[in-house]
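Note sheet for the following structure.
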Amino acid sequence: MTDTLRVALIGYGFMGAAHSQAWRTAPRVFELPRDVEMSVIVGRSADAVANAARKWGWNEHATDWREVIARDDIDVVDIVTPGHSHAEIAIAALEAGKHVICEKPLANTVEDAERMAEAARAAAEKGVVAMLGFTYRRVPALTRARDLIAEGRIGTVQQVRAAYRQDWLVDPEAPLSWRLQKDQAGAGALGDIGGHAVDLVQFLTGLEVESVSGVVDTIVKQRAIETERVGIAGRGGDEYGEVTVDDVAIFTGRLAGGALASFEATRFATGRKNELSVEISGDKGAISFNLERMNELFVYDRTVADVDQGFTRVVVTEPAHPYLEGWWPAGHMLGYEHAFSHQVKDLVEGIAGGAAPRPSFDDGVQVQRVLAAVEQSSADDARWTRA
Ligand code: SOE
């Protein structure tokens, strides 16, 4: 292995673009312990992947991920394909001794996720790193919120509200893309964005969701089969097919230690484009965050005099805030893509230091168990179900 990490990206959709910019940017913004080379991008369509390589700055492009994983001149495999292919690619890459970063969800089923976690544990013994891409953990305001909570600033967590709301399926013309098909996506809003909410609550509080009660529902059951992929929604033709995943999931979770958490994941929240909101209430204070205003963290301190209490808006862009050392002067704001660069930073540092950064594949298994328990609960008339 050379000192440079040579990266292969498998997949080239929305997440391919996000990860490409991160591989391009992180080494230019942060002092990384290893150099990075964007070696090869892999996709099924030769023309489309050639275009992606040119546009996003990859040295080479290829159509067969197995050939790429077998190459000696690749050190890191970054997986951004739909969930149903994660297990096969990740396990093959780990067995070939490649470090792996895998987009969420870890897999579409608990069984596949467990196989991946087992492969990651075996690879770790040989110094190979595996990391899961729940990227929002690396939004500076959320990393800061986690630190505040870990320091005891809000006291004991007593109640939690988390919601991930989008509205791109309100449009009845939005086609039947892979995200709406169970065989590829595993689940709908529940798996795609509900998983983020569950991971985030567990990351922020340090408490696992132990049992759930909830319902999932599919609001529009038939859609035009996608003929052209554009962004996440695409365009449909004249033929229709069945939507086989949920559009909305609403559930309650019981956290370790007893606190209750409410969760909502929906693609039908008219007017909400990408609102991931979370509020953690403790006996000494609270934190509140909304991704649509992602540089701001609201902090409430109950330990000050009553007359001074109120949510304080903290603009999380000071040089001392997490990940801000590489970016702009205070107040110059970060966006959605920055968290992906922070993910690359932590991954490269983890590889150099021989320790896998969280979230681990085991963390991913745990989230999949919670999501599977929500589906089971919904099938059982919202009965409380252990994760
Ligand atoms: C689409 O719903 C999506 O792109 C998710 O797949 C991502 O994980 C989330 O970050 C934004 O929305």
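Residue numbering restarts at 1 for every chain of the structure tokens, chains are lettered A, B, ... in their displayed order, and ligands are numbered from 1 as they appear.
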DSSP-assigned strand (DSSP E) among region 70-187 of chain A, expressed as an NGL selection string
:A and (76-79 or 99-103 or 130-133 or 157-165)
Can I get the residues of region 207-279 of chain A within 6 Å of region 373-380 of chain A, each with the closest pair of atoms and their distance in Å to one decimal, using only C-alpha atoms, sorted chain first then ascending number, as a Markdown table?
```
| residue | atom | partner | partner_atom | distance |
| --- | --- | --- | --- | --- |
| A:Ser213 | CA | A:Ser377 | CA | 5.6 |
| A:Gly214 | CA | A:Ser378 | CA | 5.4 |
| A:Val215 | CA | A:Ser378 | CA | 4.3 |
```
Save the residues we just selected, N, CA and C atoms, as a tab-separated table (two decimals), in the first residue's frame?
```tsv
chain	number	residue	atom	x	y	z
A	213	SER	N	-43.59	1.60	18.90
A	213	SER	CA	-44.99	1.35	18.54
A	213	SER	C	-45.30	2.33	17.42
A	214	GLY	N	-45.77	1.84	16.28
A	214	GLY	CA	-45.98	2.81	15.20
A	214	GLY	C	-46.79	2.28	14.04
A	215	VAL	N	-47.03	3.18	13.09
A	215	VAL	CA	-47.74	2.81	11.87
A	215	VAL	C	-46.98	3.36	10.66
```
CA of Thr25 (chain A) to CA of Val201 (chain A), distance in Å rounded to a single decimal:
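Atom-to-atom, CA of Thr25 (chain A) to CA of Val201 (chain A), that is 28.3 Å.
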Env. residues ligand 1 / 9 Å / only C-alpha atoms and all ligand atoms / as a tab-separated table (two decimals) with all heavy atoms, in the first residue's frame:
```tsv
chain	number	residue	atom	x	y	z
A	14	PHE	N	-27.33	10.71	-6.85
A	14	PHE	CA	-27.29	11.87	-5.96
A	14	PHE	C	-26.15	11.74	-4.95
A	14	PHE	O	-25.32	12.66	-4.76
A	14	PHE	CB	-28.66	11.95	-5.28
A	14	PHE	CG	-28.83	12.94	-4.17
A	14	PHE	CD1	-28.04	14.06	-4.05
A	14	PHE	CD2	-29.85	12.76	-3.23
A	14	PHE	CE1	-28.23	14.97	-3.01
A	14	PHE	CE2	-30.06	13.66	-2.21
A	14	PHE	CZ	-29.23	14.76	-2.09
A	15	MET	N	-26.06	10.56	-4.31
A	15	MET	CA	-24.99	10.39	-3.31
A	15	MET	C	-23.61	10.31	-3.96
A	15	MET	O	-22.60	10.66	-3.35
A	15	MET	CB	-25.25	9.15	-2.45
A	15	MET	CG	-26.28	9.38	-1.39
A	15	MET	SD	-25.85	10.76	-0.28
A	15	MET	CE	-27.10	11.96	-0.72
A	103	GLU	N	-22.87	4.15	2.30
A	103	GLU	CA	-23.99	5.06	2.54
A	103	GLU	C	-25.08	4.34	3.35
A	103	GLU	O	-25.19	3.13	3.31
A	103	GLU	CB	-24.62	5.51	1.20
A	103	GLU	CG	-24.41	6.96	0.84
A	103	GLU	CD	-24.86	7.94	1.92
A	103	GLU	OE1	-25.94	7.76	2.51
A	103	GLU	OE2	-24.14	8.91	2.16
A	104	LYS	N	-25.88	5.11	4.07
A	104	LYS	CA	-27.04	4.54	4.75
A	104	LYS	C	-28.12	4.25	3.72
A	104	LYS	O	-28.09	4.87	2.65
A	104	LYS	CB	-27.56	5.48	5.84
A	104	LYS	CG	-27.77	6.94	5.46
A	104	LYS	CD	-28.67	7.34	4.34
A	104	LYS	CE	-30.12	6.99	4.46
A	104	LYS	NZ	-30.91	7.54	3.29
A	105	PRO	N	-29.10	3.37	3.99
A	105	PRO	CA	-29.11	2.45	5.12
A	105	PRO	C	-28.02	1.41	4.93
A	105	PRO	O	-27.64	1.11	3.79
A	105	PRO	CB	-30.49	1.81	5.01
A	105	PRO	CG	-30.81	1.83	3.55
A	105	PRO	CD	-30.21	3.11	3.04
A	133	GLY	N	-22.37	5.74	6.53
A	133	GLY	CA	-22.55	7.16	6.24
A	133	GLY	C	-23.85	7.77	6.74
A	133	GLY	O	-24.67	8.22	5.93
A	134	PHE	N	-24.06	7.80	8.05
A	134	PHE	CA	-25.13	8.65	8.58
A	134	PHE	C	-24.52	10.05	8.73
A	134	PHE	O	-24.09	10.46	9.81
A	134	PHE	CB	-25.64	8.13	9.93
A	134	PHE	CG	-26.70	7.07	9.80
A	134	PHE	CD1	-26.53	5.83	10.39
A	134	PHE	CD2	-27.87	7.31	9.11
A	134	PHE	CE1	-27.50	4.85	10.29
A	134	PHE	CE2	-28.86	6.34	9.01
A	134	PHE	CZ	-28.67	5.10	9.59
A	135	THR	N	-24.54	10.78	7.63
A	135	THR	CA	-23.71	11.98	7.48
A	135	THR	C	-24.11	13.12	8.41
A	135	THR	O	-23.27	13.94	8.77
A	135	THR	CB	-23.82	12.46	6.02
A	135	THR	OG1	-23.75	11.31	5.19
A	135	THR	CG2	-22.71	13.40	5.66
A	136	TYR	N	-25.41	13.15	8.80
A	136	TYR	CA	-25.84	14.31	9.59
A	136	TYR	C	-25.15	14.40	10.95
A	136	TYR	O	-25.14	15.47	11.56
A	136	TYR	CB	-27.36	14.31	9.77
A	136	TYR	CG	-28.10	14.51	8.45
A	136	TYR	CD1	-29.11	13.66	8.07
A	136	TYR	CD2	-27.75	15.55	7.61
A	136	TYR	CE1	-29.77	13.83	6.86
A	136	TYR	CE2	-28.40	15.74	6.40
A	136	TYR	CZ	-29.41	14.87	6.03
A	136	TYR	OH	-30.06	15.05	4.83
A	166	GLN	N	-40.12	15.55	4.19
A	166	GLN	CA	-39.90	16.02	2.81
A	166	GLN	C	-41.27	16.04	2.12
A	166	GLN	O	-42.24	15.51	2.65
A	166	GLN	CB	-38.95	15.06	2.07
A	166	GLN	CG	-37.58	14.93	2.72
A	166	GLN	CD	-36.67	13.95	1.99
A	166	GLN	OE1	-37.14	13.06	1.29
A	166	GLN	NE2	-35.36	14.09	2.19
A	168	TRP	N	-41.51	15.63	-1.67
A	168	TRP	CA	-41.37	15.40	-3.11
A	168	TRP	C	-42.34	14.37	-3.67
A	168	TRP	O	-42.52	14.28	-4.88
A	168	TRP	CB	-39.92	15.06	-3.48
A	168	TRP	CG	-39.30	13.93	-2.74
A	168	TRP	CD1	-38.81	13.95	-1.48
A	168	TRP	CD2	-39.08	12.59	-3.22
A	168	TRP	NE1	-38.29	12.73	-1.13
A	168	TRP	CE2	-38.44	11.87	-2.18
A	168	TRP	CE3	-39.35	11.93	-4.42
A	168	TRP	CZ2	-38.08	10.53	-2.30
A	168	TRP	CZ3	-38.98	10.59	-4.55
A	168	TRP	CH2	-38.35	9.91	-3.50
A	179	ARG	N	-36.40	4.31	-5.37
A	179	ARG	CA	-36.65	4.62	-3.96
A	179	ARG	C	-38.04	4.18	-3.51
A	179	ARG	O	-38.32	4.15	-2.32
A	179	ARG	CB	-36.50	6.13	-3.71
A	179	ARG	CG	-35.08	6.63	-3.74
A	179	ARG	CD	-35.02	8.13	-3.60
A	179	ARG	NE	-33.70	8.65	-3.83
A	179	ARG	CZ	-32.73	8.72	-2.91
A	179	ARG	NH1	-32.98	8.32	-1.69
A	179	ARG	NH2	-31.54	9.19	-3.21
A	188	GLY	N	-39.53	2.80	2.52
A	188	GLY	CA	-39.70	4.13	1.91
A	188	GLY	C	-39.18	5.22	2.83
A	188	GLY	O	-37.99	5.24	3.17
A	189	ALA	N	-40.09	6.11	3.24
A	189	ALA	CA	-39.67	7.20	4.13
A	189	ALA	C	-39.05	6.63	5.39
A	189	ALA	O	-38.07	7.17	5.92
A	189	ALA	CB	-40.88	8.06	4.48
A	191	GLY	N	-37.18	3.92	5.94
A	191	GLY	CA	-35.78	3.50	5.83
A	191	GLY	C	-34.87	4.62	5.35
A	191	GLY	O	-33.73	4.76	5.80
A	192	ASP	N	-35.38	5.43	4.44
A	192	ASP	CA	-34.55	6.45	3.80
A	192	ASP	C	-34.27	7.62	4.74
A	192	ASP	O	-33.12	8.04	4.90
A	192	ASP	CB	-35.28	6.95	2.54
A	192	ASP	CG	-34.45	7.94	1.75
A	192	ASP	OD1	-33.21	7.84	1.78
A	192	ASP	OD2	-35.05	8.83	1.11
A	193	ILE	N	-35.32	8.12	5.39
A	193	ILE	CA	-35.12	9.31	6.23
A	193	ILE	C	-35.45	9.05	7.70
A	193	ILE	O	-34.86	9.67	8.58
A	193	ILE	CB	-35.87	10.54	5.65
A	193	ILE	CG1	-37.34	10.22	5.39
A	193	ILE	CG2	-35.20	11.01	4.39
A	193	ILE	CD1	-38.14	11.40	4.81
A	195	GLY	N	-34.54	6.46	9.21
A	195	GLY	CA	-33.27	5.92	9.72
A	195	GLY	C	-32.35	7.03	10.19
A	195	GLY	O	-31.68	6.90	11.22
A	196	HIS	N	-32.34	8.14	9.46
A	196	HIS	CA	-31.53	9.29	9.89
A	196	HIS	C	-32.00	9.78	11.26
A	196	HIS	O	-31.20	10.11	12.14
A	196	HIS	CB	-31.69	10.46	8.91
A	196	HIS	CG	-30.80	10.41	7.71
A	196	HIS	ND1	-29.43	10.35	7.80
A	196	HIS	CD2	-31.09	10.47	6.38
A	196	HIS	CE1	-28.91	10.35	6.58
A	196	HIS	NE2	-29.89	10.42	5.69
A	232	ILE	N	-33.84	13.24	-7.38
A	232	ILE	CA	-34.41	12.09	-6.69
A	232	ILE	C	-35.79	11.71	-7.24
A	232	ILE	O	-36.26	10.62	-7.02
A	232	ILE	CB	-34.50	12.27	-5.14
A	232	ILE	CG1	-35.17	13.56	-4.74
A	232	ILE	CG2	-33.15	12.12	-4.48
A	232	ILE	CD1	-35.43	13.64	-3.25
A	267	ARG	N	-42.62	11.73	3.24
A	267	ARG	CA	-42.35	12.41	1.97
A	267	ARG	C	-43.60	13.16	1.50
A	267	ARG	O	-43.71	13.54	0.35
A	267	ARG	CB	-41.94	11.37	0.92
A	267	ARG	CG	-40.59	10.71	1.23
A	267	ARG	CD	-40.43	9.39	0.51
A	267	ARG	NE	-39.04	8.93	0.53
A	267	ARG	CZ	-38.66	7.72	0.14
A	267	ARG	NH1	-39.55	6.86	-0.31
A	267	ARG	NH2	-37.39	7.38	0.16
A	274	ASN	N	-36.74	19.52	3.21
A	274	ASN	CA	-35.77	18.58	3.80
A	274	ASN	C	-35.59	18.97	5.26
A	274	ASN	O	-34.51	19.30	5.71
A	274	ASN	CB	-34.45	18.64	3.05
A	274	ASN	CG	-33.59	17.42	3.28
A	274	ASN	OD1	-34.11	16.29	3.37
A	274	ASN	ND2	-32.30	17.61	3.41
A	336	TYR	N	-25.27	21.71	3.08
A	336	TYR	CA	-25.50	20.25	3.09
A	336	TYR	C	-24.23	19.47	2.79
A	336	TYR	O	-23.93	18.46	3.41
A	336	TYR	CB	-26.58	19.95	2.03
A	336	TYR	CG	-26.88	18.50	1.83
A	336	TYR	CD1	-27.54	17.76	2.80
A	336	TYR	CD2	-26.55	17.86	0.63
A	336	TYR	CE1	-27.84	16.43	2.60
A	336	TYR	CE2	-26.85	16.53	0.42
A	336	TYR	CZ	-27.50	15.82	1.41
A	336	TYR	OH	-27.80	14.49	1.21
```
Which residues of region 171-274 of chain A come within 9 Å of region 142-156 of chain A, and for each one, what is the closest pair of atoms and their distance in Å to one decimal, counting only C-alpha atoms, sorted by chain and residue number, as a Markdown table?
```
| residue | atom | partner | partner_atom | distance |
| --- | --- | --- | --- | --- |
| A:Leu200 | CA | A:Leu142 | CA | 8.5 |
| A:Phe203 | CA | A:Arg146 | CA | 6.9 |
| A:Leu204 | CA | A:Arg146 | CA | 4.5 |
| A:Thr205 | CA | A:Ile149 | CA | 6.7 |
| A:Gly206 | CA | A:Ala150 | CA | 7.8 |
```
Give me, please, the distance in Å between CA of Thr303 (chain A) and CA of Gln159 (chain A), quoted to one decimal.
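Computing it gives 18.0 Å between the two atoms.
One finds CA of Pro359 (chain A) at 18.9 Å from CA of Ala26 (chain A).
Distances to His84 (chain A) were evaluated for A:Val36, A:Val139, A:Ala224, A:Ala185 using only C-alpha atoms, and the minimum falls at A:Ala185.
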Residues near Val370 (chain A), cut-off 9 Å, only C-alpha atoms, skip fewer than 6 positions along chain, as a PyMOL selection string
chain A and resi 195+198+209-212+253+386-387
